[in-house]
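What follows is one structure encoded as structure tokens, with my remarks underneath.
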Amino acid sequence: MTRLKIAIQKSGRLSDQSLELLENCGIQFARSKDKLFWYGRNLPVDLLLIRDDDIPRLLLDGVCDLGICGENVARECLLDRQRSEAELTPEVALGFGFCRLCLALPETVSFDAVSSLDGRRIATSYPALTQEYLRKHAVSAEIVELSGAVEIAPSMGTADAIVDLVSTGTTLRANQLREVALVMESQAVLYSGTRRLDDEAGKLRALLIKRIVGILQARDSKYVMMHAPKAAVDAIADILPGAESPTVLSLEGQPDKVAVHMLCTETVFWEHLEELKAMGATAILVLPVEKMLT
Ligand code: PRP
Ligand code: ZN
């Protein structure tokens with residue numbers, strides 16, 4: 001049977017959470033010292049730890065079967081290689097690695113519209129996305145492609161503006177730059193590649209994707225238990241977000257009250273609990289859900 005090849009970022013913003021996710025799927029890895037290639041001990045899976053920017057290319061070339069990278073990196077690769085979006089299948093948006101690709105200018109330079117960049121130089125590690133953005137705005141500017149340290153280009157005098165990833169904004173502030181326009185929003189996504197898989201490997205890929213969906217659902221889900229007036233059960237089920245039909249149990253010696261148990265598949269906030277209390281609920285417990293398979 002073919003061993004499934006999965007690529008994640010070697011070191012950076014997505015690395016820790018990507019690895020955690022795969023380990024939560026039940027894959028145990030024998031870690032190699034060089035940290036490039038890890039062997040799945042209990043499942044036929046090989047893990048490749050590489051630069052995030054290389055992940056979409058390996059998926060497109062059929063070297064890897066699953067990969068986790070930012071939407072921005074995936075889209076840049078598709079545009080750059082003029083490949084169709086269908087060739088890189090987004091399987092699951094993972095809810096981490098949120099960032100945005102932005103146009104930024106030195107704080108001292110005024111900005112009215114993107115058109116003011118006509119004839120200027122823009123430094124970026126995302127030339128294809130930048131080009132597409134400029135084309136959309138009918139602006140013609142010179143793109144200065146840099147592989148790193150894009151934020152220092154304006155102060156070095158090699159560019160007038162930059163298009164770069166922003167997550168907290170610290171890097172921009174430290175370099176006296178300000179965000180003036182959004183090019184693209186992004187988060188980490190699990191993608192499938194194009195390699196033809198044999199039956200078993202294909203099934204394993206589908207299984208892992210399903211487990212990842214389950215992990216994400218479980219993360220937001222809570223099991224909520226309480227005692228409540230019998231008459232309030234329907235109203236209670238309406239309040240809790242994403243609640244499935246409640247389990248209602250009678251309480252010994254309390255004919256007007258019942259125990260209510262519910263699985264809530266969306267975030268349960270303190271405000272929800274306060275509302276429940278106001279409806280007469282007592283002994284409210286909110287429990288984490290460890291695993292979920294729907
Ligand atoms: C991005 C970007 C900035 C930094 C912005 O790099 O190039 O350097 O993050 O983050 P901040 O707004 O929180 O300061 P990234 O971590 O994606 O590294 P990479 O470009 O090497 O993948
Ligand atoms: Zn990168």
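The chains in the structure tokens are called A, B, ... from first to last as shown; in each chain the residues are counted from 1, and the ligands are counted from 1 in the order shown.
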Mind running chain A against ligand 2 at 8 Å and telling me each contacting residue's nearest atom pair with the distance in Å (one decimal), counting only C-alpha atoms and all ligand atoms, chain and number ascending, as CSV?
```
residue,atom,partner,partner_atom_place_in_ligand_line,distance
A:Gly12,CA,ligand 2,1 (Zn),7.7
A:Arg51,CA,ligand 2,1 (Zn),6.3
A:Asp52,CA,ligand 2,1 (Zn),5.0
A:Asp53,CA,ligand 2,1 (Zn),5.0
A:Val73,CA,ligand 2,1 (Zn),7.5
```
Could the residues in this selection be saved with C-alpha atoms as a PDB file, in the first residue's frame?
```pdb
ATOM      1  CA  GLY A  12       6.728  29.124  11.692  1.00  0.00           C
ATOM      2  CA  ARG A  51       8.759  25.647   4.074  1.00  0.00           C
ATOM      3  CA  ASP A  52       5.084  26.575   3.887  1.00  0.00           C
ATOM      4  CA  ASP A  53       5.634  28.250   0.513  1.00  0.00           C
ATOM      5  CA  VAL A  73       0.343  30.721  -0.152  1.00  0.00           C
TER       6      VAL A  73
END
```
Please give me, as an mmCIF file with all heavy atoms, in the first residue's frame, the residues lying within 9 Å of ligand 1 when counting only C-alpha atoms and all ligand atoms.
```
data_model
loop_
_atom_site.group_PDB
_atom_site.id
_atom_site.type_symbol
_atom_site.label_atom_id
_atom_site.label_comp_id
_atom_site.auth_asym_id
_atom_site.auth_seq_id
_atom_site.Cartn_x
_atom_site.Cartn_y
_atom_site.Cartn_z
ATOM 1 N N GLN A 9 4.239 22.902 7.687
ATOM 2 C CA GLN A 9 5.322 23.885 7.794
ATOM 3 C C GLN A 9 6.355 23.422 8.822
ATOM 4 O O GLN A 9 6.006 22.972 9.911
ATOM 5 C CB GLN A 9 4.728 25.229 8.224
ATOM 6 C CG GLN A 9 5.719 26.365 8.169
ATOM 7 C CD GLN A 9 5.122 27.678 8.702
ATOM 8 O OE1 GLN A 9 4.296 27.665 9.614
ATOM 9 N NE2 GLN A 9 5.540 28.782 8.135
ATOM 10 N N SER A 11 8.950 25.258 10.386
ATOM 11 C CA SER A 11 8.981 26.127 11.566
ATOM 12 C C SER A 11 8.382 27.466 11.200
ATOM 13 O O SER A 11 8.761 28.071 10.215
ATOM 14 C CB SER A 11 10.410 26.290 12.089
ATOM 15 O OG SER A 11 11.205 26.865 11.094
ATOM 16 N N GLY A 12 7.414 27.871 11.981
ATOM 17 C CA GLY A 12 6.728 29.124 11.692
ATOM 18 C C GLY A 12 5.389 29.154 12.377
ATOM 19 O O GLY A 12 5.106 28.328 13.236
ATOM 20 N N ARG A 13 4.544 30.063 11.936
ATOM 21 C CA ARG A 13 3.289 30.301 12.643
ATOM 22 C C ARG A 13 2.328 29.118 12.615
ATOM 23 O O ARG A 13 1.497 28.972 13.492
ATOM 24 C CB ARG A 13 2.597 31.541 12.077
ATOM 25 C CG ARG A 13 3.099 32.821 12.732
ATOM 26 C CD ARG A 13 2.406 34.047 12.201
ATOM 27 N NE ARG A 13 2.568 34.153 10.761
ATOM 28 C CZ ARG A 13 1.563 34.281 9.918
ATOM 29 N NH1 ARG A 13 0.347 34.285 10.366
ATOM 30 N NH2 ARG A 13 1.796 34.386 8.620
ATOM 31 N N LEU A 14 2.431 28.273 11.571
ATOM 32 C CA LEU A 14 1.455 27.184 11.450
ATOM 33 C C LEU A 14 1.958 25.854 12.001
ATOM 34 O O LEU A 14 1.179 24.917 12.185
ATOM 35 C CB LEU A 14 1.068 26.978 9.975
ATOM 36 C CG LEU A 14 0.642 28.224 9.196
ATOM 37 C CD1 LEU A 14 0.276 27.835 7.774
ATOM 38 C CD2 LEU A 14 -0.527 28.918 9.878
ATOM 39 N N ARG A 51 9.192 24.240 4.078
ATOM 40 C CA ARG A 51 8.759 25.647 4.074
ATOM 41 C C ARG A 51 7.306 25.706 3.606
ATOM 42 O O ARG A 51 6.931 25.036 2.646
ATOM 43 C CB ARG A 51 9.627 26.463 3.114
ATOM 44 C CG ARG A 51 10.999 26.795 3.679
ATOM 45 C CD ARG A 51 11.746 27.698 2.708
ATOM 46 N NE ARG A 51 10.962 28.884 2.361
ATOM 47 C CZ ARG A 51 10.853 29.386 1.128
ATOM 48 N NH1 ARG A 51 11.462 28.814 0.121
ATOM 49 N NH2 ARG A 51 10.138 30.468 0.916
ATOM 50 N N ASP A 52 6.506 26.522 4.259
ATOM 51 C CA ASP A 52 5.084 26.575 3.887
ATOM 52 C C ASP A 52 4.892 26.931 2.412
ATOM 53 O O ASP A 52 4.020 26.399 1.744
ATOM 54 C CB ASP A 52 4.302 27.552 4.791
ATOM 55 C CG ASP A 52 4.837 28.956 4.735
ATOM 56 O OD1 ASP A 52 6.004 29.134 4.297
ATOM 57 O OD2 ASP A 52 4.109 29.895 5.102
ATOM 58 N N ASP A 53 5.766 27.800 1.897
ATOM 59 C CA ASP A 53 5.634 28.250 0.513
ATOM 60 C C ASP A 53 5.817 27.104 -0.487
ATOM 61 O O ASP A 53 5.396 27.202 -1.631
ATOM 62 C CB ASP A 53 6.655 29.350 0.184
ATOM 63 C CG ASP A 53 6.706 30.417 1.252
ATOM 64 O OD1 ASP A 53 6.872 30.052 2.445
ATOM 65 O OD2 ASP A 53 6.566 31.599 0.934
ATOM 66 N N GLY A 70 -1.278 28.287 4.373
ATOM 67 C CA GLY A 70 -2.185 29.429 4.323
ATOM 68 C C GLY A 70 -2.853 29.522 2.953
ATOM 69 O O GLY A 70 -2.264 29.137 1.936
ATOM 70 N N VAL A 73 -0.761 31.445 0.477
ATOM 71 C CA VAL A 73 0.343 30.721 -0.152
ATOM 72 C C VAL A 73 -0.188 29.826 -1.280
ATOM 73 O O VAL A 73 0.400 29.735 -2.362
ATOM 74 C CB VAL A 73 1.082 29.892 0.928
ATOM 75 C CG1 VAL A 73 2.052 28.927 0.295
ATOM 76 C CG2 VAL A 73 1.805 30.817 1.897
ATOM 77 N N GLY A 97 -4.016 30.372 12.214
ATOM 78 C CA GLY A 97 -3.153 31.019 11.222
ATOM 79 C C GLY A 97 -3.853 32.155 10.493
ATOM 80 O O GLY A 97 -3.573 32.422 9.326
ATOM 81 N N CYS A 99 -4.551 35.634 9.103
ATOM 82 C CA CYS A 99 -3.741 36.800 8.785
ATOM 83 C C CYS A 99 -4.334 37.451 7.536
ATOM 84 O O CYS A 99 -5.315 36.950 6.991
ATOM 85 C CB CYS A 99 -2.286 36.413 8.544
ATOM 86 S SG CYS A 99 -2.064 35.256 7.197
ATOM 87 N N ARG A 100 -3.775 38.580 7.151
ATOM 88 C CA ARG A 100 -4.268 39.224 5.932
ATOM 89 C C ARG A 100 -3.092 39.755 5.130
ATOM 90 O O ARG A 100 -2.090 40.196 5.699
ATOM 91 C CB ARG A 100 -5.271 40.332 6.271
ATOM 92 C CG ARG A 100 -4.815 41.274 7.323
ATOM 93 C CD ARG A 100 -5.972 42.085 7.922
ATOM 94 N NE ARG A 100 -5.414 43.148 8.755
ATOM 95 C CZ ARG A 100 -5.034 42.986 10.016
ATOM 96 N NH1 ARG A 100 -5.164 41.816 10.603
ATOM 97 N NH2 ARG A 100 -4.499 43.990 10.693
ATOM 98 N N LEU A 101 -3.247 39.680 3.840
ATOM 99 C CA LEU A 101 -2.238 40.230 2.942
ATOM 100 C C LEU A 101 -2.651 41.671 2.693
ATOM 101 O O LEU A 101 -3.776 41.936 2.259
ATOM 102 C CB LEU A 101 -2.217 39.421 1.641
ATOM 103 C CG LEU A 101 -1.056 39.695 0.694
ATOM 104 C CD1 LEU A 101 0.277 39.310 1.323
ATOM 105 C CD2 LEU A 101 -1.232 38.915 -0.609
ATOM 106 N N THR A 124 7.304 42.753 -2.400
ATOM 107 C CA THR A 124 6.441 41.689 -1.880
ATOM 108 C C THR A 124 7.061 40.311 -2.078
ATOM 109 O O THR A 124 7.917 40.125 -2.949
ATOM 110 C CB THR A 124 5.047 41.712 -2.563
ATOM 111 O OG1 THR A 124 4.204 40.768 -1.919
ATOM 112 C CG2 THR A 124 5.140 41.384 -4.044
ATOM 113 N N SER A 125 6.609 39.360 -1.259
ATOM 114 C CA SER A 125 6.952 37.949 -1.491
ATOM 115 C C SER A 125 5.804 37.265 -2.230
ATOM 116 O O SER A 125 5.837 36.048 -2.438
ATOM 117 C CB SER A 125 7.166 37.215 -0.163
ATOM 118 O OG SER A 125 7.995 37.945 0.668
ATOM 119 N N SER A 147 12.246 37.619 -1.064
ATOM 120 C CA SER A 147 11.824 36.380 -0.399
ATOM 121 C C SER A 147 11.660 36.575 1.100
ATOM 122 O O SER A 147 11.063 35.752 1.786
ATOM 123 C CB SER A 147 12.800 35.253 -0.698
ATOM 124 O OG SER A 147 14.085 35.652 -0.316
ATOM 125 N N GLY A 148 12.178 37.675 1.634
ATOM 126 C CA GLY A 148 11.988 37.926 3.070
ATOM 127 C C GLY A 148 12.308 39.381 3.377
ATOM 128 O O GLY A 148 12.734 40.128 2.494
ATOM 129 N N ALA A 149 12.067 39.775 4.630
ATOM 130 C CA ALA A 149 12.357 41.139 5.093
ATOM 131 C C ALA A 149 11.767 42.203 4.172
ATOM 132 O O ALA A 149 12.384 43.236 3.922
ATOM 133 C CB ALA A 149 13.855 41.335 5.259
ATOM 134 N N VAL A 150 10.573 41.936 3.704
ATOM 135 C CA VAL A 150 9.889 42.859 2.798
ATOM 136 C C VAL A 150 9.641 44.206 3.489
ATOM 137 O O VAL A 150 9.736 45.270 2.871
ATOM 138 C CB VAL A 150 8.538 42.228 2.359
ATOM 139 C CG1 VAL A 150 7.663 43.223 1.634
ATOM 140 C CG2 VAL A 150 8.804 41.009 1.482
ATOM 141 N N GLU A 151 9.394 44.140 4.806
ATOM 142 C CA GLU A 151 9.020 45.341 5.551
ATOM 143 C C GLU A 151 10.111 46.411 5.613
ATOM 144 O O GLU A 151 9.830 47.554 5.934
ATOM 145 C CB GLU A 151 8.561 44.963 6.964
ATOM 146 C CG GLU A 151 9.591 44.291 7.858
ATOM 147 C CD GLU A 151 9.729 42.780 7.658
ATOM 148 O OE1 GLU A 151 9.096 42.222 6.735
ATOM 149 O OE2 GLU A 151 10.493 42.161 8.425
ATOM 150 N N ASP A 164 2.378 42.720 2.110
ATOM 151 C CA ASP A 164 2.917 41.680 2.989
ATOM 152 C C ASP A 164 1.837 41.164 3.929
ATOM 153 O O ASP A 164 0.791 41.791 4.091
ATOM 154 C CB ASP A 164 4.083 42.248 3.805
ATOM 155 C CG ASP A 164 5.001 41.141 4.337
ATOM 156 O OD1 ASP A 164 4.853 39.977 3.920
ATOM 157 O OD2 ASP A 164 5.875 41.459 5.170
ATOM 158 N N LEU A 165 2.143 40.053 4.552
ATOM 159 C CA LEU A 165 1.207 39.464 5.518
ATOM 160 C C LEU A 165 1.234 40.242 6.819
ATOM 161 O O LEU A 165 2.293 40.638 7.297
ATOM 162 C CB LEU A 165 1.617 38.027 5.839
ATOM 163 C CG LEU A 165 1.296 36.951 4.838
ATOM 164 C CD1 LEU A 165 1.565 35.600 5.463
ATOM 165 C CD2 LEU A 165 -0.160 37.057 4.405
ATOM 166 N N VAL A 166 0.061 40.442 7.385
ATOM 167 C CA VAL A 166 -0.054 41.109 8.677
ATOM 168 C C VAL A 166 -0.864 40.189 9.562
ATOM 169 O O VAL A 166 -1.926 39.712 9.170
ATOM 170 C CB VAL A 166 -0.788 42.458 8.539
ATOM 171 C CG1 VAL A 166 -0.904 43.146 9.892
ATOM 172 C CG2 VAL A 166 -0.069 43.357 7.537
ATOM 173 N N SER A 167 -0.348 39.916 10.761
ATOM 174 C CA SER A 167 -1.222 39.193 11.672
ATOM 175 C C SER A 167 -1.503 40.058 12.895
ATOM 176 O O SER A 167 -2.629 40.472 13.110
ATOM 177 C CB SER A 167 -0.696 37.777 11.925
ATOM 178 O OG SER A 167 0.009 37.658 13.070
ATOM 179 N N THR A 168 -0.497 40.399 13.696
ATOM 180 C CA THR A 168 -0.769 41.314 14.817
ATOM 181 C C THR A 168 -0.542 42.770 14.427
ATOM 182 O O THR A 168 -1.032 43.673 15.096
ATOM 183 C CB THR A 168 0.164 40.997 16.005
ATOM 184 O OG1 THR A 168 1.517 41.156 15.559
ATOM 185 C CG2 THR A 168 -0.046 39.591 16.506
ATOM 186 N N GLY A 169 0.228 43.009 13.398
ATOM 187 C CA GLY A 169 0.551 44.374 12.986
ATOM 188 C C GLY A 169 1.857 44.880 13.588
ATOM 189 O O GLY A 169 2.311 45.991 13.285
ATOM 190 N N THR A 170 2.482 44.069 14.430
ATOM 191 C CA THR A 170 3.723 44.479 15.110
ATOM 192 C C THR A 170 4.837 44.802 14.114
ATOM 193 O O THR A 170 5.543 45.798 14.268
ATOM 194 C CB THR A 170 4.210 43.342 16.045
ATOM 195 O OG1 THR A 170 3.091 42.873 16.772
ATOM 196 C CG2 THR A 170 5.281 43.814 16.987
ATOM 197 N N THR A 171 4.977 43.930 13.110
ATOM 198 C CA THR A 171 6.055 44.128 12.141
ATOM 199 C C THR A 171 5.884 45.460 11.405
ATOM 200 O O THR A 171 6.850 46.209 11.233
ATOM 201 C CB THR A 171 6.074 42.955 11.130
ATOM 202 O OG1 THR A 171 6.154 41.739 11.864
ATOM 203 C CG2 THR A 171 7.245 43.056 10.178
ATOM 204 N N LEU A 172 4.661 45.766 10.997
ATOM 205 C CA LEU A 172 4.424 47.032 10.289
ATOM 206 C C LEU A 172 4.776 48.211 11.190
ATOM 207 O O LEU A 172 5.503 49.119 10.788
ATOM 208 C CB LEU A 172 2.959 47.147 9.850
ATOM 209 C CG LEU A 172 2.494 46.265 8.692
ATOM 210 C CD1 LEU A 172 1.089 46.674 8.265
ATOM 211 C CD2 LEU A 172 3.448 46.342 7.502
ATOM 212 N N ARG A 173 4.246 48.175 12.427
ATOM 213 C CA ARG A 173 4.492 49.295 13.364
ATOM 214 C C ARG A 173 5.978 49.492 13.606
ATOM 215 O O ARG A 173 6.479 50.611 13.607
ATOM 216 C CB ARG A 173 3.771 49.051 14.687
ATOM 217 C CG ARG A 173 2.338 49.570 14.687
ATOM 218 C CD ARG A 173 1.777 49.647 16.095
ATOM 219 N NE ARG A 173 1.725 48.343 16.736
ATOM 220 C CZ ARG A 173 0.772 47.428 16.505
ATOM 221 N NH1 ARG A 173 -0.220 47.694 15.657
ATOM 222 N NH2 ARG A 173 0.801 46.276 17.124
ATOM 223 N N ALA A 174 6.682 48.377 13.806
ATOM 224 C CA ALA A 174 8.120 48.467 14.090
ATOM 225 C C ALA A 174 8.877 49.091 12.926
ATOM 226 O O ALA A 174 9.978 49.604 13.104
ATOM 227 C CB ALA A 174 8.665 47.078 14.388
#
```
Query raised in the report: Would you give me, as a list in words, the residues in segment 238-280 of chain A that DSSP reads as strand (DSSP E)?
Result: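 Taking segment 238-280 of chain A and keeping strand (DSSP E) only, one gets Thr247, Val248, Leu249, Ser250, Lys257, Val258, Ala259, Val260, His261, Met262, Leu263 and Cys264 of chain A.
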Query raised in the report: Got a sec to tell me which of segment 124-162 of chain A DSSP assigns to helix (DSSP H, G or I), as number ranges by chain?
Result: A: 127-136, 150-156
Could the residues of segment 119-224 of chain A that have an atom at most 9 Å from segment 267-291 of chain A be listed as a Markdown table, each with its closest atom pair and the distance in Å to one decimal, counting only C-alpha atoms and ordered by chain and ascending residue number?
```
| residue | atom | partner | partner_atom | distance |
| --- | --- | --- | --- | --- |
| A:Arg211 | CA | A:Lys291 | CA | 8.9 |
| A:Gly214 | CA | A:Lys291 | CA | 6.8 |
| A:Ile215 | CA | A:Lys291 | CA | 6.2 |
| A:Gln217 | CA | A:Lys291 | CA | 8.5 |
| A:Ala218 | CA | A:Val289 | CA | 5.4 |
| A:Arg219 | CA | A:Val289 | CA | 7.0 |
| A:Asp220 | CA | A:Thr267 | CA | 5.4 |
| A:Ser221 | CA | A:Val289 | CA | 6.1 |
| A:Lys222 | CA | A:Pro288 | CA | 5.0 |
| A:Tyr223 | CA | A:Leu287 | CA | 5.0 |
| A:Val224 | CA | A:Val286 | CA | 4.5 |
```
Could you pull the residues within 10 Å of Leu129 of chain A, counting only C-alpha atoms, minus those fewer than 4 positions along the same chain, as a PDB file with C-alpha atoms, in the first residue's frame?
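This is the output file out12.pdb:
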```pdb
ATOM      1  CA  ASN A  72      -2.555  33.072   0.576  1.00  0.00           C
ATOM      2  CA  VAL A  73       0.343  30.721  -0.152  1.00  0.00           C
ATOM      3  CA  ARG A  75      -3.473  31.024  -4.166  1.00  0.00           C
ATOM      4  CA  GLU A  76      -0.105  32.606  -4.936  1.00  0.00           C
ATOM      5  CA  CYS A  77       1.143  29.257  -6.190  1.00  0.00           C
ATOM      6  CA  LEU A  78      -1.929  28.631  -8.380  1.00  0.00           C
ATOM      7  CA  LEU A  79      -1.695  32.090  -9.942  1.00  0.00           C
ATOM      8  CA  ASP A  80       2.048  31.852 -10.408  1.00  0.00           C
ATOM      9  CA  LEU A 101      -2.238  40.230   2.942  1.00  0.00           C
ATOM     10  CA  THR A 124       6.441  41.689  -1.880  1.00  0.00           C
ATOM     11  CA  SER A 125       6.952  37.949  -1.491  1.00  0.00           C
ATOM     12  CA  TYR A 133      -4.686  43.003  -7.179  1.00  0.00           C
ATOM     13  CA  LEU A 134      -3.063  45.770  -9.216  1.00  0.00           C
ATOM     14  CA  ARG A 135      -4.672  44.531 -12.405  1.00  0.00           C
ATOM     15  CA  VAL A 163       2.318  43.998   0.050  1.00  0.00           C
ATOM     16  CA  VAL A 183      -5.494  42.395  -0.650  1.00  0.00           C
ATOM     17  CA  MET A 184      -6.648  39.075   0.779  1.00  0.00           C
TER      18      MET A 184
END
```
Report summary line: Shortest contact to Glu91 of chain A, candidates A:Cys25, A:Val189, A:Ile50, A:Leu59, atoms counted only C-alpha atoms, goes to A:Val189
Query - Long-range neighbours of Leu94 of chain A as a VMD selection string, 9 Å cut-off, only C-alpha atoms, 5 positions minimum in chain - result: chain A and resid 68 187 to 190 212 to 213 216
Residue selection dump (all heavy atoms) as a PDB file, in the first residue's frame:
```
ATOM      1  N   ILE A  68      -0.922  21.296   4.797  1.00  0.00           N
ATOM      2  CA  ILE A  68      -1.531  22.420   5.511  1.00  0.00           C
ATOM      3  C   ILE A  68      -0.715  23.673   5.222  1.00  0.00           C
ATOM      4  O   ILE A  68       0.488  23.718   5.478  1.00  0.00           O
ATOM      5  CB  ILE A  68      -1.560  22.165   7.038  1.00  0.00           C
ATOM      6  CG1 ILE A  68      -2.445  20.950   7.350  1.00  0.00           C
ATOM      7  CG2 ILE A  68      -2.047  23.413   7.780  1.00  0.00           C
ATOM      8  CD1 ILE A  68      -2.483  20.574   8.827  1.00  0.00           C
ATOM      9  N   GLN A 187      -6.313  32.058   6.190  1.00  0.00           N
ATOM     10  CA  GLN A 187      -6.137  31.211   7.378  1.00  0.00           C
ATOM     11  C   GLN A 187      -5.534  29.890   6.909  1.00  0.00           C
ATOM     12  O   GLN A 187      -5.407  29.649   5.699  1.00  0.00           O
ATOM     13  CB  GLN A 187      -7.471  30.973   8.087  1.00  0.00           C
ATOM     14  CG  GLN A 187      -8.485  30.199   7.283  1.00  0.00           C
ATOM     15  CD  GLN A 187      -9.704  29.791   8.116  1.00  0.00           C
ATOM     16  OE1 GLN A 187      -9.582  29.142   9.140  1.00  0.00           O
ATOM     17  NE2 GLN A 187     -10.886  30.191   7.673  1.00  0.00           N
ATOM     18  N   ALA A 188      -5.172  29.056   7.850  1.00  0.00           N
ATOM     19  CA  ALA A 188      -4.603  27.758   7.488  1.00  0.00           C
ATOM     20  C   ALA A 188      -5.706  26.852   6.950  1.00  0.00           C
ATOM     21  O   ALA A 188      -6.806  26.811   7.492  1.00  0.00           O
ATOM     22  CB  ALA A 188      -3.945  27.118   8.700  1.00  0.00           C
ATOM     23  N   VAL A 189      -5.390  26.145   5.864  1.00  0.00           N
ATOM     24  CA  VAL A 189      -6.363  25.242   5.235  1.00  0.00           C
ATOM     25  C   VAL A 189      -5.666  23.904   4.948  1.00  0.00           C
ATOM     26  O   VAL A 189      -4.483  23.869   4.616  1.00  0.00           O
ATOM     27  CB  VAL A 189      -6.918  25.861   3.919  1.00  0.00           C
ATOM     28  CG1 VAL A 189      -7.724  24.849   3.124  1.00  0.00           C
ATOM     29  CG2 VAL A 189      -7.760  27.089   4.216  1.00  0.00           C
ATOM     30  N   LEU A 190      -6.417  22.835   5.104  1.00  0.00           N
ATOM     31  CA  LEU A 190      -5.919  21.516   4.712  1.00  0.00           C
ATOM     32  C   LEU A 190      -6.284  21.302   3.241  1.00  0.00           C
ATOM     33  O   LEU A 190      -7.466  21.387   2.887  1.00  0.00           O
ATOM     34  CB  LEU A 190      -6.565  20.429   5.579  1.00  0.00           C
ATOM     35  CG  LEU A 190      -6.240  18.985   5.205  1.00  0.00           C
ATOM     36  CD1 LEU A 190      -4.813  18.622   5.616  1.00  0.00           C
ATOM     37  CD2 LEU A 190      -7.218  18.019   5.850  1.00  0.00           C
ATOM     38  N   ILE A 212     -10.259  15.146  11.174  1.00  0.00           N
ATOM     39  CA  ILE A 212      -9.917  16.563  11.382  1.00  0.00           C
ATOM     40  C   ILE A 212     -11.194  17.401  11.505  1.00  0.00           C
ATOM     41  O   ILE A 212     -11.296  18.256  12.385  1.00  0.00           O
ATOM     42  CB  ILE A 212      -8.985  17.068  10.254  1.00  0.00           C
ATOM     43  CG1 ILE A 212      -7.602  16.445  10.470  1.00  0.00           C
ATOM     44  CG2 ILE A 212      -8.905  18.590  10.231  1.00  0.00           C
ATOM     45  CD1 ILE A 212      -6.584  16.737   9.404  1.00  0.00           C
ATOM     46  N   VAL A 213     -12.172  17.122  10.661  1.00  0.00           N
ATOM     47  CA  VAL A 213     -13.456  17.830  10.777  1.00  0.00           C
ATOM     48  C   VAL A 213     -14.038  17.593  12.172  1.00  0.00           C
ATOM     49  O   VAL A 213     -14.513  18.518  12.831  1.00  0.00           O
ATOM     50  CB  VAL A 213     -14.441  17.363   9.681  1.00  0.00           C
ATOM     51  CG1 VAL A 213     -15.837  17.893   9.927  1.00  0.00           C
ATOM     52  CG2 VAL A 213     -13.944  17.791   8.300  1.00  0.00           C
ATOM     53  N   LEU A 216     -12.253  19.649  14.871  1.00  0.00           N
ATOM     54  CA  LEU A 216     -12.644  21.063  14.853  1.00  0.00           C
ATOM     55  C   LEU A 216     -14.030  21.242  15.452  1.00  0.00           C
ATOM     56  O   LEU A 216     -14.276  22.192  16.203  1.00  0.00           O
ATOM     57  CB  LEU A 216     -12.613  21.631  13.430  1.00  0.00           C
ATOM     58  CG  LEU A 216     -11.246  21.621  12.744  1.00  0.00           C
ATOM     59  CD1 LEU A 216     -11.344  22.252  11.377  1.00  0.00           C
ATOM     60  CD2 LEU A 216     -10.203  22.327  13.576  1.00  0.00           C
TER      61      LEU A 216
END
```
Hey, could you make a per-residue contact list for segment 63-130 of chain A against segment 3-7 of chain A with 12 Å as the cut-off, showing the nearest pair of atoms and its distance in Å to one decimal, counting only C-alpha atoms, sorted by chain and number, as a tab-separated table?
```
residue	atom	partner	partner_atom	distance
A:Val63	CA	A:Lys5	CA	7.5
A:Cys64	CA	A:Lys5	CA	4.8
A:Asp65	CA	A:Lys5	CA	5.3
A:Leu66	CA	A:Ile6	CA	4.7
A:Gly67	CA	A:Ala7	CA	4.5
A:Ile68	CA	A:Ala7	CA	6.5
A:Cys69	CA	A:Ala7	CA	8.7
```
